[in-house]
Amino acid sequence: MLFGEMLVFLALRIMQNEVNKTLIELLSPARDLSCGIAAIEHGADAVYIGTPKFGARAAVGNSLEDIQKLIEFAHKYYAKVYATVNTILYDNELEDARKIITQLDAVGIDAIIVQDMGILEMELPPVPIFASTQTHNYDLERIKFLADTGIRRIILARELSNEQIKLIHDQIKVDLEFFVHGALCVCYSGQCYLSAETTGRSANRGECSQPCRMEYSLIGKDGQTLVKDKYLLSLKDLNLSEHLFDLINSGITSFKIEGRLKDISYVKNITAYYRKKLDAIIDGNKNLRRASSGCVSLSFEPDPDKTFNRGYTEHFFSGISLKHSSMDTQKAIGKYIGKVRNIENNFFEISTEEKIVNGDGLCFFDSEHELRGMAVNRVEQNKIFCENMDGLKPGIKIYRNKDKDFVKRLSAPSAIRKIQASISAWMENGKVYITANDEDGNSAEIEIHVEVQPAADVQKNRDMMDKQFKKSGDTIFTITDVYLEQIQNYFFPISKINEFRREILQALVDKRIKDYQRDSTAIVKNSTPYPEKQLDYRANVVNAKAAEFYRRHGAEISETGFEVLENTDGKTLMTTKYCIKGELDVCPLINKNVPPAYEKLHLSDGKNRFRLKFDCVKCEMHVLKGN
C-alpha cells in the first residue's frame, strides 16, 4: 500500500468507529447573523434563527442573505442551522410561508421549525420539519401522532418531568429536543392567549407582550386583596445544567438554550457553559459523540449567573415543583456575591471573595421585598462607594447584575474553534504529494510538479517543514500531526511550504463543504387518526389548510383559533402547571388549613380581572376571562 493510501485508509477506519455513536447536539439561539456565528464559535452544534416572517419572535426576523451566510459558516464545522416558521398563519400568508420555506431549502437550511399544521398540507421541498414547542408537545398521544405524520423532531414541552420524557422516548422513534436553559413561559406553549386578549398581540403570532411579566394583585373570595402588586405569573429562568446526563439517559439528543431575544454576550456565555458541561459527559462515554466538529478554546470562564437571569429553577423536571416564581421582580438579579457587613454614610462593606470594580452594577431586595439597584462609583480595599443606598441594611444579600470585567471580556473575541487535522507530504516518482485528513475522516490531496534539489541538512529541513505545516493560522483547522516521507530530503523555500499548506487546507475545507451530509426528507401525507375528534380554539386553526389537515386525520374543527374568534368571553387564556396556591403555601393537597379567602381567586392588573380555576387532579391552574 502506498503511503498516501495508507493514511486515507486509517482516516476511514477512525470515521467508521464513530458512526454508531449517539450524536449529542447543543442547540443555541441566534438573534441575528453575528449571534449565530458567535454561538458556533463558542461550541454550538446547531443554531435556530428567525426568518424574514412568521417566526415566534417577530421582533428578530432575519434576511435570507444573512441566513445563507450563517449556513455557510456553520456547515464548515458540520454544525446545523434551523429556521423558525413557528407562528400560526392566516390564509393570505400561506403562500408567502411556502415561498420562504422553499427559499430556505435552496440556501441549505437543515430543518424548519413549525407550529401551524397547515404547513404540512403544502407542496414543500424535501426539508426536515420539526414540531415547535408551540405545538404543545405535552401529551404522549399527540406526540406519537406528530411523529406518525413525518415530523422528524419533537421539541418537548418544558413542563415535562424526567419520567415523562423517558416514557415518550420509549414510545416514539424520532429525535427529541428539550429546553435546558433560559426564560420560561408560565403557560403551556401554544396555549397562551392572555397577550392576545389584553393587547391584541398574539403569542401564537410571534407578538407576545409578555403579560406574565406584569404586576398583578390576587383578589380573594370576598373581594379582599390577598397579595398586592406582585409578579404573580413570572417564573424564574430554567437551568438544567446539573441534569444533562439524566436527560441523555432519558432519550434527549438535542439540548436547547432559549434566547432569540438575548444579546451576543448571553449567547457566548451560556453556549460556552453548556459546551463544557456536555463535553465532560461525552468525553467520559464511549457511546456518545458531538454532533459537529472542532474543539473550542475560551478566553473566559463561562458563568450563567453573570448574564441575564431572574434566578433559576429546575421547573418540573423532578416532578411537582413549588417555589419557582420570581414574584418580587421580573428583572435580572445576577449573581449572589455576599452579605452587607457594615454601612457608613457613603459606602458599605461586604463579606465576599468576589472582586468588585468601578462600574459594576449591584442590587438587593429591601425589607419590602422590592428590588433596588445601585452603581459602584469606586472601591477602596473592602469599601464600596455607591449612590442609591437607600434601604440597605447589614445582613442584606447583595447580587451583581452587571459584571463590568466580564462584559468587557465578552465584548471582545472570546473563543477559537478548531477542527483537528493532519498533513502528510511525500515524494513519489519525482512528484510532491500532500494530503490533509480531518477528525471526521475527510481527506484532500494535491499533486505538485516542482523542480527540487537535495537538502543540505535533512534534519534541519525536516524540522522547518514540520513547523511550517503546523501553522494553521486563521483557518478552521489545528494541525495535530505532520507526516513526512522522503520529501524532507529535498529543499523548498519556507514561502513554498506555506503555499503548499494553504492550498491543501483550502482543498480540505472545500471537501468538507462538498461532502456535508444534509438531510432531505419530504412529508408524505397519510391518514393517521388524530387522538381527538373535536377541536376547539386551542387547536389554533386560523387557515383553511390547517382545517384540511385535521379533517384528513379524522378531527373536526368546532371553533376557530382564538385570534379570529368573535366572542372570547369565558375562554381559558392560560393553562399552566405552575400554581399560585402552591407558591403561597395554600395548596389544599399539602396544607389542610387553607383560609376560606383562597377558595375563589381572581387576578387583577388594575384594568382587567381574570378568574383562576384549579384542577388539582391534573395539578393545573387555568386563567379565564371574566368573573
# chains A, B, ... in the order shown; residues from 1 in each chain; ligands from 1
call {"tool": "residues_around", "arguments": {"residues": "A:Gly606", "least_positions_apart": "6", "cutoff": "10 Å", "atoms": "only C-alpha atoms", "output": "PDB file with N, CA and C atoms, in the first residue's frame"}}
result
ATOM      1  N   GLU A 215     -47.202  43.147  36.845  1.00  0.00           N
ATOM      2  CA  GLU A 215     -47.686  43.062  38.231  1.00  0.00           C
ATOM      3  C   GLU A 215     -49.180  42.742  38.256  1.00  0.00           C
ATOM      4  N   TYR A 216     -49.565  41.914  39.223  1.00  0.00           N
ATOM      5  CA  TYR A 216     -50.970  41.586  39.466  1.00  0.00           C
ATOM      6  C   TYR A 216     -51.227  41.601  40.962  1.00  0.00           C
ATOM      7  N   SER A 217     -52.485  41.823  41.290  1.00  0.00           N
ATOM      8  CA  SER A 217     -52.940  41.631  42.666  1.00  0.00           C
ATOM      9  C   SER A 217     -53.821  40.392  42.706  1.00  0.00           C
ATOM     10  N   ASP A 229     -49.892  43.816  43.975  1.00  0.00           N
ATOM     11  CA  ASP A 229     -48.873  44.283  43.021  1.00  0.00           C
ATOM     12  C   ASP A 229     -47.579  43.458  43.083  1.00  0.00           C
TER      13      ASP A 229
END
call {"tool": "residues_around", "arguments": {"residues": "A:Lys471", "least_positions_apart": "3", "cutoff": "9 Å", "atoms": "only C-alpha atoms", "output": "list of chain:residue names"}}
result
A:Lys467, A:Gln468, A:Thr478, A:Ile479, A:Asn498, A:Arg501
call {"tool": "select_by_dssp", "arguments": {"residues": "stretch 156-315 of chain A", "states": "helix (DSSP H, G or I)", "output": "PyMOL selection string"}}
result
chain A and resi 162-171+194-199+203-205+211-213+241-249+264-283+304-306
call {"tool": "residues_around", "arguments": {"residues": "A:Asn382", "least_positions_apart": "5", "cutoff": "9 Å", "atoms": "only C-alpha atoms", "output": "PyMOL selection string"}}
result
chain A and resi 348-351
call {"tool": "closest_residue", "arguments": {"among": "A:Pro529, A:Gly294, A:Gly251, A:Gly334", "to": "A:Tyr312", "atoms": "only C-alpha atoms"}}
result
A:Gly334
call {"tool": "closest_residue", "arguments": {"among": "A:Lys525, A:His169, A:Lys393, A:Lys268", "to": "A:Ser414", "atoms": "only C-alpha atoms"}}
result
A:Lys268
call {"tool": "residues_around", "arguments": {"residues": "stretch 84-100 of chain A", "least_positions_apart": "3", "cutoff": "6 Å", "atoms": "only C-alpha atoms", "output": "list in words"}}
result
Gly50, Phe54, Gly55, Ala56, Gln103, Ile112, Ile113, Val114, Gln115, Asp116, Asn204, Arg205, Val542 and Asn543 of chain A
call {"tool": "residues_around", "arguments": {"residues": "A:His602", "least_positions_apart": "4", "cutoff": "8 Å", "atoms": "only C-alpha atoms", "output": "number ranges by chain"}}
result
A: 218-220, 609-612, 627
call {"tool": "write_last_selection", "arguments": {"atoms": "all heavy atoms", "output": "compact mmCIF listing (two decimals), in the first residue's frame"}}
result
# COMPACT_ATOMS: atom_id res chain seq x y z
N LEU A 218 -53.72 39.65 43.81
CA LEU A 218 -54.54 38.46 43.99
C LEU A 218 -55.74 38.82 44.85
O LEU A 218 -55.58 39.27 45.99
CB LEU A 218 -53.71 37.34 44.65
CG LEU A 218 -54.41 35.99 44.79
CD1 LEU A 218 -54.68 35.37 43.42
CD2 LEU A 218 -53.57 35.03 45.65
N ILE A 219 -56.91 38.64 44.27
CA ILE A 219 -58.16 39.02 44.94
C ILE A 219 -58.84 37.76 45.46
O ILE A 219 -59.03 36.78 44.73
CB ILE A 219 -59.11 39.77 43.98
CG1 ILE A 219 -58.35 40.90 43.27
CG2 ILE A 219 -60.32 40.29 44.73
CD1 ILE A 219 -57.74 41.92 44.19
N GLY A 220 -59.23 37.78 46.75
CA GLY A 220 -59.80 36.61 47.39
C GLY A 220 -61.30 36.50 47.26
O GLY A 220 -61.96 37.28 46.54
N ARG A 609 -59.62 41.83 34.96
CA ARG A 609 -59.82 40.90 36.06
C ARG A 609 -59.99 39.50 35.46
O ARG A 609 -60.76 39.30 34.53
CB ARG A 609 -61.07 41.30 36.85
CG ARG A 609 -61.31 40.53 38.14
CD ARG A 609 -62.56 41.09 38.79
NE ARG A 609 -62.99 40.31 39.93
CZ ARG A 609 -62.69 40.57 41.20
NH1 ARG A 609 -61.94 41.64 41.47
NH2 ARG A 609 -63.14 39.82 42.18
N PHE A 610 -59.23 38.56 36.00
CA PHE A 610 -59.23 37.20 35.46
C PHE A 610 -59.53 36.19 36.58
O PHE A 610 -58.98 36.28 37.67
CB PHE A 610 -57.87 36.87 34.85
CG PHE A 610 -57.40 37.88 33.84
CD1 PHE A 610 -56.42 38.81 34.17
CD2 PHE A 610 -57.95 37.92 32.57
CE1 PHE A 610 -55.99 39.74 33.25
CE2 PHE A 610 -57.53 38.85 31.64
CZ PHE A 610 -56.56 39.77 31.98
N ARG A 611 -60.39 35.25 36.26
CA ARG A 611 -60.76 34.21 37.23
C ARG A 611 -59.75 33.09 37.18
O ARG A 611 -59.30 32.69 36.10
CB ARG A 611 -62.16 33.69 36.91
CG ARG A 611 -62.64 32.59 37.86
CD ARG A 611 -64.14 32.39 37.74
NE ARG A 611 -64.54 31.94 36.41
CZ ARG A 611 -64.70 30.65 36.09
NH1 ARG A 611 -64.45 29.70 36.98
NH2 ARG A 611 -65.10 30.33 34.88
N LEU A 612 -59.39 32.58 38.35
CA LEU A 612 -58.49 31.43 38.45
C LEU A 612 -59.28 30.17 38.76
O LEU A 612 -60.15 30.17 39.63
CB LEU A 612 -57.43 31.66 39.54
CG LEU A 612 -56.48 32.85 39.33
CD1 LEU A 612 -55.47 32.91 40.48
CD2 LEU A 612 -55.77 32.76 37.99
N ASN A 627 -65.46 36.96 35.20
CA ASN A 627 -65.63 36.64 36.62
C ASN A 627 -66.22 35.25 36.82
O ASN A 627 -66.43 34.83 37.93
CB ASN A 627 -66.53 37.68 37.29
CG ASN A 627 -65.87 39.07 37.32
OD1 ASN A 627 -64.70 39.16 37.66
ND2 ASN A 627 -66.61 40.11 36.97
call {"tool": "residues_around", "arguments": {"residues": "stretch 297-310 of chain A", "least_positions_apart": "5", "cutoff": "10 Å", "atoms": "only C-alpha atoms", "output": "MDAnalysis selection string"}}
result
chainID A and resid 41:43 181:183 234:239 241 262:263 265:276 325:326 329:336 399:403 406:407 409:410 412:418
call {"tool": "residues_around", "arguments": {"residues": "A:Ala597", "least_positions_apart": "4", "cutoff": "12 Å", "atoms": "only C-alpha atoms", "output": "VMD selection string"}}
result
chain A and resid 218 to 227 581 586 593 601 to 602
call {"tool": "write_last_selection", "arguments": {"atoms": "N, CA and C atoms", "output": "short mmCIF file (atom, residue, chain, number, x, y, z; two decimals), in the first residue's frame"}}
result
data_model
loop_
_atom_site.label_atom_id
_atom_site.label_comp_id
_atom_site.auth_asym_id
_atom_site.auth_seq_id
_atom_site.Cartn_x
_atom_site.Cartn_y
_atom_site.Cartn_z
N LEU A 218 -53.72 39.65 43.81
CA LEU A 218 -54.54 38.46 43.99
C LEU A 218 -55.74 38.82 44.85
N ILE A 219 -56.91 38.64 44.27
CA ILE A 219 -58.16 39.02 44.94
C ILE A 219 -58.84 37.76 45.46
N GLY A 220 -59.23 37.78 46.75
CA GLY A 220 -59.80 36.61 47.39
C GLY A 220 -61.30 36.50 47.26
N LYS A 221 -61.85 35.54 47.97
CA LYS A 221 -63.26 35.14 47.85
C LYS A 221 -64.23 36.30 48.05
N ASP A 222 -63.98 37.13 49.03
CA ASP A 222 -64.91 38.23 49.34
C ASP A 222 -64.42 39.57 48.83
N GLY A 223 -63.51 39.54 47.89
CA GLY A 223 -63.05 40.78 47.28
C GLY A 223 -61.85 41.41 47.94
N GLN A 224 -61.34 40.80 49.01
CA GLN A 224 -60.18 41.38 49.67
C GLN A 224 -58.91 41.09 48.87
N THR A 225 -57.95 42.03 49.00
CA THR A 225 -56.67 41.86 48.31
C THR A 225 -55.75 41.01 49.19
N LEU A 226 -55.42 39.83 48.70
CA LEU A 226 -54.56 38.90 49.45
C LEU A 226 -53.09 39.17 49.18
N VAL A 227 -52.76 39.51 47.94
CA VAL A 227 -51.39 39.87 47.55
C VAL A 227 -51.51 41.08 46.63
N LYS A 581 -51.43 28.97 44.21
CA LYS A 581 -51.70 28.45 45.56
C LYS A 581 -50.48 27.73 46.12
N VAL A 586 -50.69 27.61 50.05
CA VAL A 586 -52.10 27.33 50.34
C VAL A 586 -52.65 26.25 49.40
N ASN A 593 -55.19 23.51 56.15
CA ASN A 593 -55.81 24.64 56.84
C ASN A 593 -55.77 25.90 55.98
N LEU A 601 -60.50 32.72 43.66
CA LEU A 601 -59.44 33.69 43.43
C LEU A 601 -59.55 34.35 42.07
N HIS A 602 -59.11 35.60 42.03
CA HIS A 602 -59.02 36.35 40.79
C HIS A 602 -57.68 37.07 40.73
#
call {"tool": "closest_atom_pairs", "arguments": {"of": "stretch 155-237 of chain A", "to": "stretch 117-139 of chain A", "cutoff": "7 Å", "atoms": "only C-alpha atoms", "output": "tab-separated table"}}
result
residue	atom	partner	partner_atom	distance
A:Ile155	CA	A:Thr133	CA	5.0
A:Leu156	CA	A:Asn137	CA	5.1
A:Ala157	CA	A:Asn137	CA	5.1
A:Leu160	CA	A:Tyr138	CA	6.8
A:Tyr188	CA	A:His136	CA	6.6
A:Ser189	CA	A:Gln134	CA	4.8
A:Gly190	CA	A:Gln134	CA	4.2
call {"tool": "write_last_selection", "arguments": {"atoms": "N, CA, C and O atoms", "output": "PDB file, in the first residue's frame"}}
result
ATOM      1  N   ILE A 155     -40.000  18.990  19.653  1.00  0.00           N
ATOM      2  CA  ILE A 155     -39.446  19.863  20.693  1.00  0.00           C
ATOM      3  C   ILE A 155     -40.417  19.809  21.870  1.00  0.00           C
ATOM      4  O   ILE A 155     -41.511  20.355  21.821  1.00  0.00           O
ATOM      5  N   LEU A 156     -40.019  19.103  22.913  1.00  0.00           N
ATOM      6  CA  LEU A 156     -40.929  18.772  24.001  1.00  0.00           C
ATOM      7  C   LEU A 156     -41.282  19.981  24.861  1.00  0.00           C
ATOM      8  O   LEU A 156     -40.509  20.936  24.983  1.00  0.00           O
ATOM      9  N   ALA A 157     -42.460  19.883  25.492  1.00  0.00           N
ATOM     10  CA  ALA A 157     -42.913  20.931  26.405  1.00  0.00           C
ATOM     11  C   ALA A 157     -41.974  21.009  27.608  1.00  0.00           C
ATOM     12  O   ALA A 157     -41.491  19.991  28.116  1.00  0.00           O
ATOM     13  N   LEU A 160     -42.545  19.021  31.201  1.00  0.00           N
ATOM     14  CA  LEU A 160     -42.427  17.575  31.377  1.00  0.00           C
ATOM     15  C   LEU A 160     -41.380  17.213  32.425  1.00  0.00           C
ATOM     16  O   LEU A 160     -40.336  17.858  32.537  1.00  0.00           O
ATOM     17  N   TYR A 188     -48.546  26.680  29.176  1.00  0.00           N
ATOM     18  CA  TYR A 188     -48.166  25.703  28.173  1.00  0.00           C
ATOM     19  C   TYR A 188     -47.965  26.437  26.843  1.00  0.00           C
ATOM     20  O   TYR A 188     -48.814  27.213  26.411  1.00  0.00           O
ATOM     21  N   SER A 189     -46.840  26.158  26.182  1.00  0.00           N
ATOM     22  CA  SER A 189     -46.549  26.838  24.918  1.00  0.00           C
ATOM     23  C   SER A 189     -47.625  26.535  23.880  1.00  0.00           C
ATOM     24  O   SER A 189     -48.071  25.402  23.743  1.00  0.00           O
ATOM     25  N   GLY A 190     -48.021  27.576  23.162  1.00  0.00           N
ATOM     26  CA  GLY A 190     -49.062  27.426  22.152  1.00  0.00           C
ATOM     27  C   GLY A 190     -50.468  27.529  22.708  1.00  0.00           C
ATOM     28  O   GLY A 190     -51.437  27.572  21.950  1.00  0.00           O
TER      29      GLY A 190
END
call {"tool": "closest_residue", "arguments": {"among": "A:Glu387, A:Asp45, A:Asp466, A:Asp148", "to": "A:Asn526", "atoms": "only C-alpha atoms"}}
result
A:Asp148
call {"tool": "closest_residue", "arguments": {"among": "A:Ser520, A:Lys69, A:Ala38, A:Cys212", "to": "A:Tyr193", "atoms": "only C-alpha atoms"}}
result
A:Cys212
call {"tool": "decode", "arguments": {"residues": "stretch 83-95 of chain A", "atoms": "all heavy atoms", "output": "mmCIF file, in the first residue's frame"}}
result
data_model
loop_
_atom_site.group_PDB
_atom_site.id
_atom_site.type_symbol
_atom_site.label_atom_id
_atom_site.label_comp_id
_atom_site.auth_asym_id
_atom_site.auth_seq_id
_atom_site.Cartn_x
_atom_site.Cartn_y
_atom_site.Cartn_z
ATOM 1 N N ALA A 83 -34.414 26.975 10.888
ATOM 2 C CA ALA A 83 -35.172 28.218 10.734
ATOM 3 C C ALA A 83 -36.543 28.084 11.383
ATOM 4 O O ALA A 83 -37.202 27.050 11.268
ATOM 5 C CB ALA A 83 -35.331 28.561 9.253
ATOM 6 N N THR A 84 -36.967 29.138 12.062
ATOM 7 C CA THR A 84 -38.266 29.132 12.729
ATOM 8 C C THR A 84 -39.338 29.745 11.827
ATOM 9 O O THR A 84 -39.249 30.911 11.457
ATOM 10 C CB THR A 84 -38.194 29.917 14.049
ATOM 11 O OG1 THR A 84 -37.787 31.263 13.772
ATOM 12 C CG2 THR A 84 -37.186 29.291 15.000
ATOM 13 N N VAL A 85 -40.308 28.932 11.476
ATOM 14 C CA VAL A 85 -41.522 29.412 10.807
ATOM 15 C C VAL A 85 -42.664 28.948 11.707
ATOM 16 O O VAL A 85 -43.563 28.238 11.294
ATOM 17 C CB VAL A 85 -41.649 28.848 9.379
ATOM 18 C CG1 VAL A 85 -42.808 29.514 8.620
ATOM 19 C CG2 VAL A 85 -40.356 29.063 8.595
ATOM 20 N N ASN A 86 -42.581 29.336 12.971
ATOM 21 C CA ASN A 86 -43.410 28.705 14.000
ATOM 22 C C ASN A 86 -44.465 29.626 14.600
ATOM 23 O O ASN A 86 -44.658 29.698 15.808
ATOM 24 C CB ASN A 86 -42.535 28.101 15.109
ATOM 25 C CG ASN A 86 -41.625 29.113 15.776
ATOM 26 O OD1 ASN A 86 -41.295 30.142 15.200
ATOM 27 N ND2 ASN A 86 -41.211 28.821 16.991
ATOM 28 N N THR A 87 -45.151 30.354 13.725
ATOM 29 C CA THR A 87 -46.370 31.040 14.140
ATOM 30 C C THR A 87 -47.551 30.400 13.421
ATOM 31 O O THR A 87 -47.381 29.659 12.453
ATOM 32 C CB THR A 87 -46.332 32.537 13.784
ATOM 33 O OG1 THR A 87 -46.298 32.669 12.353
ATOM 34 C CG2 THR A 87 -45.124 33.219 14.384
ATOM 35 N N ILE A 88 -48.753 30.703 13.914
ATOM 36 C CA ILE A 88 -49.930 30.310 13.147
ATOM 37 C C ILE A 88 -50.115 31.309 12.011
ATOM 38 O O ILE A 88 -49.738 32.481 12.127
ATOM 39 C CB ILE A 88 -51.195 30.213 14.033
ATOM 40 C CG1 ILE A 88 -51.459 31.535 14.764
ATOM 41 C CG2 ILE A 88 -51.058 29.070 15.030
ATOM 42 C CD1 ILE A 88 -52.768 31.546 15.532
ATOM 43 N N LEU A 89 -50.677 30.853 10.910
ATOM 44 C CA LEU A 89 -50.727 31.627 9.675
ATOM 45 C C LEU A 89 -52.170 31.868 9.237
ATOM 46 O O LEU A 89 -53.010 30.962 9.314
ATOM 47 C CB LEU A 89 -49.989 30.881 8.563
ATOM 48 C CG LEU A 89 -48.536 30.490 8.855
ATOM 49 C CD1 LEU A 89 -48.032 29.492 7.832
ATOM 50 C CD2 LEU A 89 -47.652 31.733 8.874
ATOM 51 N N TYR A 90 -52.430 33.066 8.755
ATOM 52 C CA TYR A 90 -53.719 33.343 8.137
ATOM 53 C C TYR A 90 -53.681 32.883 6.679
ATOM 54 O O TYR A 90 -52.607 32.683 6.099
ATOM 55 C CB TYR A 90 -54.043 34.834 8.231
ATOM 56 C CG TYR A 90 -54.220 35.327 9.653
ATOM 57 C CD1 TYR A 90 -53.759 36.589 10.036
ATOM 58 C CD2 TYR A 90 -54.847 34.539 10.614
ATOM 59 C CE1 TYR A 90 -53.917 37.047 11.333
ATOM 60 C CE2 TYR A 90 -55.013 34.989 11.915
ATOM 61 C CZ TYR A 90 -54.535 36.240 12.277
ATOM 62 O OH TYR A 90 -54.694 36.684 13.558
ATOM 63 N N ASP A 91 -54.848 32.740 6.085
ATOM 64 C CA ASP A 91 -54.938 32.216 4.715
ATOM 65 C C ASP A 91 -54.094 33.026 3.728
ATOM 66 O O ASP A 91 -53.448 32.463 2.848
ATOM 67 C CB ASP A 91 -56.392 32.199 4.251
ATOM 68 C CG ASP A 91 -57.165 31.023 4.849
ATOM 69 O OD1 ASP A 91 -56.749 29.874 4.630
ATOM 70 O OD2 ASP A 91 -58.159 31.260 5.544
ATOM 71 N N ASN A 92 -54.094 34.338 3.903
ATOM 72 C CA ASN A 92 -53.366 35.173 2.948
ATOM 73 C C ASN A 92 -51.848 35.145 3.166
ATOM 74 O O ASN A 92 -51.092 35.773 2.427
ATOM 75 C CB ASN A 92 -53.870 36.620 3.007
ATOM 76 C CG ASN A 92 -53.620 37.278 4.358
ATOM 77 O OD1 ASN A 92 -53.303 36.612 5.329
ATOM 78 N ND2 ASN A 92 -53.782 38.593 4.401
ATOM 79 N N GLU A 93 -51.384 34.397 4.181
ATOM 80 C CA GLU A 93 -49.956 34.287 4.447
ATOM 81 C C GLU A 93 -49.373 32.940 4.026
ATOM 82 O O GLU A 93 -48.155 32.761 4.028
ATOM 83 C CB GLU A 93 -49.689 34.491 5.948
ATOM 84 C CG GLU A 93 -50.066 35.874 6.451
ATOM 85 C CD GLU A 93 -49.994 35.972 7.961
ATOM 86 O OE1 GLU A 93 -50.252 34.948 8.639
ATOM 87 O OE2 GLU A 93 -49.685 37.063 8.479
ATOM 88 N N LEU A 94 -50.220 32.000 3.683
ATOM 89 C CA LEU A 94 -49.764 30.641 3.409
ATOM 90 C C LEU A 94 -48.771 30.575 2.251
ATOM 91 O O LEU A 94 -47.747 29.901 2.333
ATOM 92 C CB LEU A 94 -50.957 29.729 3.127
ATOM 93 C CG LEU A 94 -51.876 29.445 4.317
ATOM 94 C CD1 LEU A 94 -53.122 28.694 3.862
ATOM 95 C CD2 LEU A 94 -51.135 28.645 5.388
ATOM 96 N N GLU A 95 -49.057 31.285 1.180
ATOM 97 C CA GLU A 95 -48.178 31.223 0.021
ATOM 98 C C GLU A 95 -46.832 31.865 0.328
ATOM 99 O O GLU A 95 -45.779 31.356 -0.099
ATOM 100 C CB GLU A 95 -48.830 31.912 -1.181
ATOM 101 C CG GLU A 95 -47.983 31.896 -2.462
ATOM 102 C CD GLU A 95 -47.590 30.505 -2.929
ATOM 103 O OE1 GLU A 95 -48.227 29.514 -2.514
ATOM 104 O OE2 GLU A 95 -46.627 30.395 -3.712
#
